[in-house]
Amino acid sequence: MKKKKPNSKIILSIFIILALIGIGLICFGFYQYSKTEASNSKQEHVSNQSLKNYANKHHAKTIGDPNAKIKIYAFQDFQCSDCKIFHTLITNELEQDIDNGNVNITYLNHQIVNDASTKYAHMSNIIAEKNSTIEYMDFIDKAFNNQEVKNPKEIVKETSSISNQNELFKAYDKVKNKKLPNDGTKEFNIDGTPTIFVNGDKLKDYTDIIDKVKEQK
């Protein structure tokens with residue numbers, strides 16, 4: 001009995017199908033990789049306008065000349081120890097640049113540490129909206145230097161420049177137990193504090209802030 005020869009057309013068809021499947025898998029993998037890389041690239045840089053729109057939406061306080069060449073956006077938590085270090089860096093190293101109009105900084109709340117984080121975020125939002133820049137800075141200076149105090153009312157009471165304390169307390173008592181969403185998590189890939197953007201560039205390490213500012217001058 002003669003053995004049947006394999007049908008060359010069938011073999012060729014199987015080969016073509018397997019080749020197409022292989023090419024399809026490679027293309028899909030490349031697409032997923034490209035998509036991830038593009039996403040990561042976008043997360044490393046965002047426009048100053050997007051950050052400004054976010055800041056306006058959340059009544060964030062801007063310190064310094066709004067037309068400054070260097071714009072810093074800082075996502076912070078008042079109970080975060082690294083945020084305290086960052087605030088000290090800004091106060092000690094960049095105060096002159098802020099005063100002379102080279103640098104503008106906007107503080108944005110991103111509360112993640114504990115319940116007090118949310119309470120301080122509420123209070124700082126209220127002060128940012130109702131009070132002057134000087135009064136706001138006096139409040140956050142005391143808040144960062146007294147992180148063991150979990151009630152922001154106590155910090156306000158110790159901030160002598162703030163004269164409308166009763167007004168602030170009434171506004172705070174209405175919202176202090178409300179949850180604050182961290183919109184920056186989704187919008188700017190904020191997953192920790194402090195997260196710093198300098199002219200839209202997201203810093204990998206917040207302690208690089210001084211070198212980054214020098215680079216941008």
# chains A, B, ... in the order shown; residues from 1 in each chain; ligands from 1

call {"tool": "residues_around", "arguments": {"residues": "stretch 77-94 of chain A", "least_positions_apart": "3", "cutoff": "9 Å", "atoms": "only C-alpha atoms", "output": "PDB file with N, CA, C and O atoms, in the first residue's frame"}}
result
ATOM      1  N   ASP A  97      14.583  83.465  45.805  1.00  0.00           N
ATOM      2  CA  ASP A  97      14.119  83.341  44.419  1.00  0.00           C
ATOM      3  C   ASP A  97      12.622  83.605  44.309  1.00  0.00           C
ATOM      4  O   ASP A  97      12.155  84.135  43.295  1.00  0.00           O
ATOM      5  N   ILE A  98      11.871  83.224  45.338  1.00  0.00           N
ATOM      6  CA  ILE A  98      10.433  83.498  45.351  1.00  0.00           C
ATOM      7  C   ILE A  98      10.195  84.995  45.511  1.00  0.00           C
ATOM      8  O   ILE A  98       9.391  85.597  44.799  1.00  0.00           O
ATOM      9  N   ASP A  99      10.947  85.605  46.431  1.00  0.00           N
ATOM     10  CA  ASP A  99      10.770  87.040  46.710  1.00  0.00           C
ATOM     11  C   ASP A  99      11.160  87.917  45.520  1.00  0.00           C
ATOM     12  O   ASP A  99      10.539  88.966  45.289  1.00  0.00           O
ATOM     13  N   VAL A 103      10.786  82.493  41.087  1.00  0.00           N
ATOM     14  CA  VAL A 103      10.097  81.223  41.369  1.00  0.00           C
ATOM     15  C   VAL A 103       8.708  81.474  41.923  1.00  0.00           C
ATOM     16  O   VAL A 103       8.495  82.375  42.731  1.00  0.00           O
ATOM     17  N   LEU A 108      -0.450  72.033  46.950  1.00  0.00           N
ATOM     18  CA  LEU A 108      -1.652  71.248  46.683  1.00  0.00           C
ATOM     19  C   LEU A 108      -1.751  70.110  47.691  1.00  0.00           C
ATOM     20  O   LEU A 108      -0.762  69.412  47.956  1.00  0.00           O
ATOM     21  N   ASN A 109      -2.936  69.933  48.253  1.00  0.00           N
ATOM     22  CA  ASN A 109      -3.116  68.887  49.260  1.00  0.00           C
ATOM     23  C   ASN A 109      -3.278  67.511  48.618  1.00  0.00           C
ATOM     24  O   ASN A 109      -3.980  67.351  47.616  1.00  0.00           O
ATOM     25  N   HIS A 110      -2.597  66.545  49.218  1.00  0.00           N
ATOM     26  CA  HIS A 110      -2.758  65.144  48.818  1.00  0.00           C
ATOM     27  C   HIS A 110      -2.649  64.328  50.110  1.00  0.00           C
ATOM     28  O   HIS A 110      -1.572  63.894  50.501  1.00  0.00           O
ATOM     29  N   GLN A 111      -3.746  64.170  50.782  1.00  0.00           N
ATOM     30  CA  GLN A 111      -3.768  63.618  52.125  1.00  0.00           C
ATOM     31  C   GLN A 111      -3.807  62.083  52.123  1.00  0.00           C
ATOM     32  O   GLN A 111      -4.729  61.484  51.621  1.00  0.00           O
ATOM     33  N   ILE A 112      -2.733  61.471  52.677  1.00  0.00           N
ATOM     34  CA  ILE A 112      -2.635  60.012  52.651  1.00  0.00           C
ATOM     35  C   ILE A 112      -2.166  59.383  53.976  1.00  0.00           C
ATOM     36  O   ILE A 112      -2.322  58.183  54.164  1.00  0.00           O
ATOM     37  N   VAL A 113      -1.600  60.170  54.886  1.00  0.00           N
ATOM     38  CA  VAL A 113      -0.945  59.580  56.063  1.00  0.00           C
ATOM     39  C   VAL A 113      -1.943  59.107  57.105  1.00  0.00           C
ATOM     40  O   VAL A 113      -1.921  57.940  57.533  1.00  0.00           O
ATOM     41  N   ASN A 114      -2.830  59.991  57.557  1.00  0.00           N
ATOM     42  CA  ASN A 114      -3.781  59.627  58.608  1.00  0.00           C
ATOM     43  C   ASN A 114      -4.992  60.573  58.577  1.00  0.00           C
ATOM     44  O   ASN A 114      -5.114  61.407  57.673  1.00  0.00           O
ATOM     45  N   ALA A 116      -5.666  63.020  60.494  1.00  0.00           N
ATOM     46  CA  ALA A 116      -5.256  64.415  60.685  1.00  0.00           C
ATOM     47  C   ALA A 116      -4.846  65.056  59.357  1.00  0.00           C
ATOM     48  O   ALA A 116      -4.996  66.271  59.174  1.00  0.00           O
ATOM     49  N   SER A 117      -4.361  64.244  58.436  1.00  0.00           N
ATOM     50  CA  SER A 117      -3.980  64.764  57.119  1.00  0.00           C
ATOM     51  C   SER A 117      -5.173  65.434  56.441  1.00  0.00           C
ATOM     52  O   SER A 117      -5.057  66.523  55.874  1.00  0.00           O
ATOM     53  N   THR A 118      -6.327  64.759  56.521  1.00  0.00           N
ATOM     54  CA  THR A 118      -7.546  65.299  55.901  1.00  0.00           C
ATOM     55  C   THR A 118      -8.012  66.551  56.625  1.00  0.00           C
ATOM     56  O   THR A 118      -8.442  67.525  56.002  1.00  0.00           O
ATOM     57  N   TYR A 120      -6.201  68.720  58.279  1.00  0.00           N
ATOM     58  CA  TYR A 120      -5.309  69.828  57.921  1.00  0.00           C
ATOM     59  C   TYR A 120      -5.555  70.289  56.481  1.00  0.00           C
ATOM     60  O   TYR A 120      -5.452  71.483  56.181  1.00  0.00           O
ATOM     61  N   ALA A 121      -5.861  69.349  55.603  1.00  0.00           N
ATOM     62  CA  ALA A 121      -6.160  69.724  54.215  1.00  0.00           C
ATOM     63  C   ALA A 121      -7.394  70.619  54.167  1.00  0.00           C
ATOM     64  O   ALA A 121      -7.409  71.637  53.462  1.00  0.00           O
ATOM     65  N   ILE A 140       1.026  77.206  57.505  1.00  0.00           N
ATOM     66  CA  ILE A 140       1.688  75.961  57.097  1.00  0.00           C
ATOM     67  C   ILE A 140       3.064  75.814  57.745  1.00  0.00           C
ATOM     68  O   ILE A 140       3.512  74.696  58.002  1.00  0.00           O
ATOM     69  N   ASP A 141       3.736  76.939  58.023  1.00  0.00           N
ATOM     70  CA  ASP A 141       5.008  76.866  58.764  1.00  0.00           C
ATOM     71  C   ASP A 141       4.790  76.196  60.115  1.00  0.00           C
ATOM     72  O   ASP A 141       5.527  75.281  60.504  1.00  0.00           O
ATOM     73  N   ALA A 143       2.217  74.386  61.047  1.00  0.00           N
ATOM     74  CA  ALA A 143       1.689  73.028  60.886  1.00  0.00           C
ATOM     75  C   ALA A 143       2.815  72.023  60.656  1.00  0.00           C
ATOM     76  O   ALA A 143       2.839  70.949  61.272  1.00  0.00           O
ATOM     77  N   PHE A 144       3.753  72.355  59.790  1.00  0.00           N
ATOM     78  CA  PHE A 144       4.852  71.435  59.512  1.00  0.00           C
ATOM     79  C   PHE A 144       5.816  71.316  60.687  1.00  0.00           C
ATOM     80  O   PHE A 144       6.398  70.256  60.923  1.00  0.00           O
ATOM     81  N   ASN A 145       5.991  72.402  61.424  1.00  0.00           N
ATOM     82  CA  ASN A 145       6.910  72.374  62.565  1.00  0.00           C
ATOM     83  C   ASN A 145       6.297  71.776  63.821  1.00  0.00           C
ATOM     84  O   ASN A 145       6.996  71.572  64.822  1.00  0.00           O
ATOM     85  N   GLN A 147       4.025  68.778  63.769  1.00  0.00           N
ATOM     86  CA  GLN A 147       3.246  67.684  63.208  1.00  0.00           C
ATOM     87  C   GLN A 147       2.633  66.757  64.254  1.00  0.00           C
ATOM     88  O   GLN A 147       1.732  65.981  63.948  1.00  0.00           O
ATOM     89  N   GLU A 148       3.110  66.863  65.469  1.00  0.00           N
ATOM     90  CA  GLU A 148       2.515  66.041  66.543  1.00  0.00           C
ATOM     91  C   GLU A 148       1.132  66.535  66.946  1.00  0.00           C
ATOM     92  O   GLU A 148       0.353  65.799  67.581  1.00  0.00           O
ATOM     93  N   LYS A 150      -2.501  67.111  66.210  1.00  0.00           N
ATOM     94  CA  LYS A 150      -3.404  66.508  65.243  1.00  0.00           C
ATOM     95  C   LYS A 150      -4.650  67.350  64.964  1.00  0.00           C
ATOM     96  O   LYS A 150      -5.402  67.041  64.038  1.00  0.00           O
ATOM     97  N   THR A 193       3.759  61.457  48.716  1.00  0.00           N
ATOM     98  CA  THR A 193       4.065  62.855  49.006  1.00  0.00           C
ATOM     99  C   THR A 193       5.467  62.966  49.596  1.00  0.00           C
ATOM    100  O   THR A 193       5.922  62.054  50.292  1.00  0.00           O
ATOM    101  N   PRO A 194       6.152  64.079  49.312  1.00  0.00           N
ATOM    102  CA  PRO A 194       5.741  65.130  48.378  1.00  0.00           C
ATOM    103  C   PRO A 194       6.022  64.723  46.939  1.00  0.00           C
ATOM    104  O   PRO A 194       7.034  64.087  46.656  1.00  0.00           O
ATOM    105  N   THR A 195       5.121  65.082  46.045  1.00  0.00           N
ATOM    106  CA  THR A 195       5.346  64.918  44.610  1.00  0.00           C
ATOM    107  C   THR A 195       5.458  66.320  44.021  1.00  0.00           C
ATOM    108  O   THR A 195       4.567  67.140  44.205  1.00  0.00           O
ATOM    109  N   TYR A 206      12.311  64.490  45.469  1.00  0.00           N
ATOM    110  CA  TYR A 206      11.997  65.878  45.825  1.00  0.00           C
ATOM    111  C   TYR A 206      13.227  66.665  46.279  1.00  0.00           C
ATOM    112  O   TYR A 206      13.264  67.895  46.191  1.00  0.00           O
ATOM    113  N   THR A 207      14.257  65.956  46.752  1.00  0.00           N
ATOM    114  CA  THR A 207      15.460  66.664  47.212  1.00  0.00           C
ATOM    115  C   THR A 207      16.260  67.240  46.042  1.00  0.00           C
ATOM    116  O   THR A 207      17.214  67.988  46.252  1.00  0.00           O
ATOM    117  N   ILE A 209      15.107  69.374  44.086  1.00  0.00           N
ATOM    118  CA  ILE A 209      14.425  70.628  43.780  1.00  0.00           C
ATOM    119  C   ILE A 209      15.398  71.789  43.556  1.00  0.00           C
ATOM    120  O   ILE A 209      15.238  72.571  42.612  1.00  0.00           O
ATOM    121  N   ILE A 210      16.414  71.892  44.378  1.00  0.00           N
ATOM    122  CA  ILE A 210      17.346  73.027  44.273  1.00  0.00           C
ATOM    123  C   ILE A 210      18.120  72.958  42.953  1.00  0.00           C
ATOM    124  O   ILE A 210      18.224  73.963  42.235  1.00  0.00           O
ATOM    125  N   VAL A 213      15.835  73.786  39.981  1.00  0.00           N
ATOM    126  CA  VAL A 213      15.572  75.224  39.852  1.00  0.00           C
ATOM    127  C   VAL A 213      16.777  75.925  39.225  1.00  0.00           C
ATOM    128  O   VAL A 213      16.626  76.775  38.341  1.00  0.00           O
TER     129      VAL A 213
END

call {"tool": "residues_around", "arguments": {"residues": "A:Ala60", "least_positions_apart": "6", "cutoff": "10 Å", "atoms": "only C-alpha atoms", "output": "list in words"}}
result
Lys52, Tyr54, Tyr73, Thr106, Tyr107, Leu108, Asn109, Ser124, Asn125, Ile126, Ile127, Ala128 and Glu129 of chain A

call {"tool": "residues_around", "arguments": {"residues": "stretch 152-157 of chain A", "least_positions_apart": "6", "cutoff": "8 Å", "atoms": "only C-alpha atoms", "output": "list in words"}}
result
Lys119, Tyr120, Met123, Phe139, Lys142, Ala143, Gln165 and Phe169 of chain A

call {"tool": "atom_distance", "arguments": {"atom1": "atom CA of A:Asp183", "atom2": "atom CA of A:Ile134"}}
result
26.7 Å
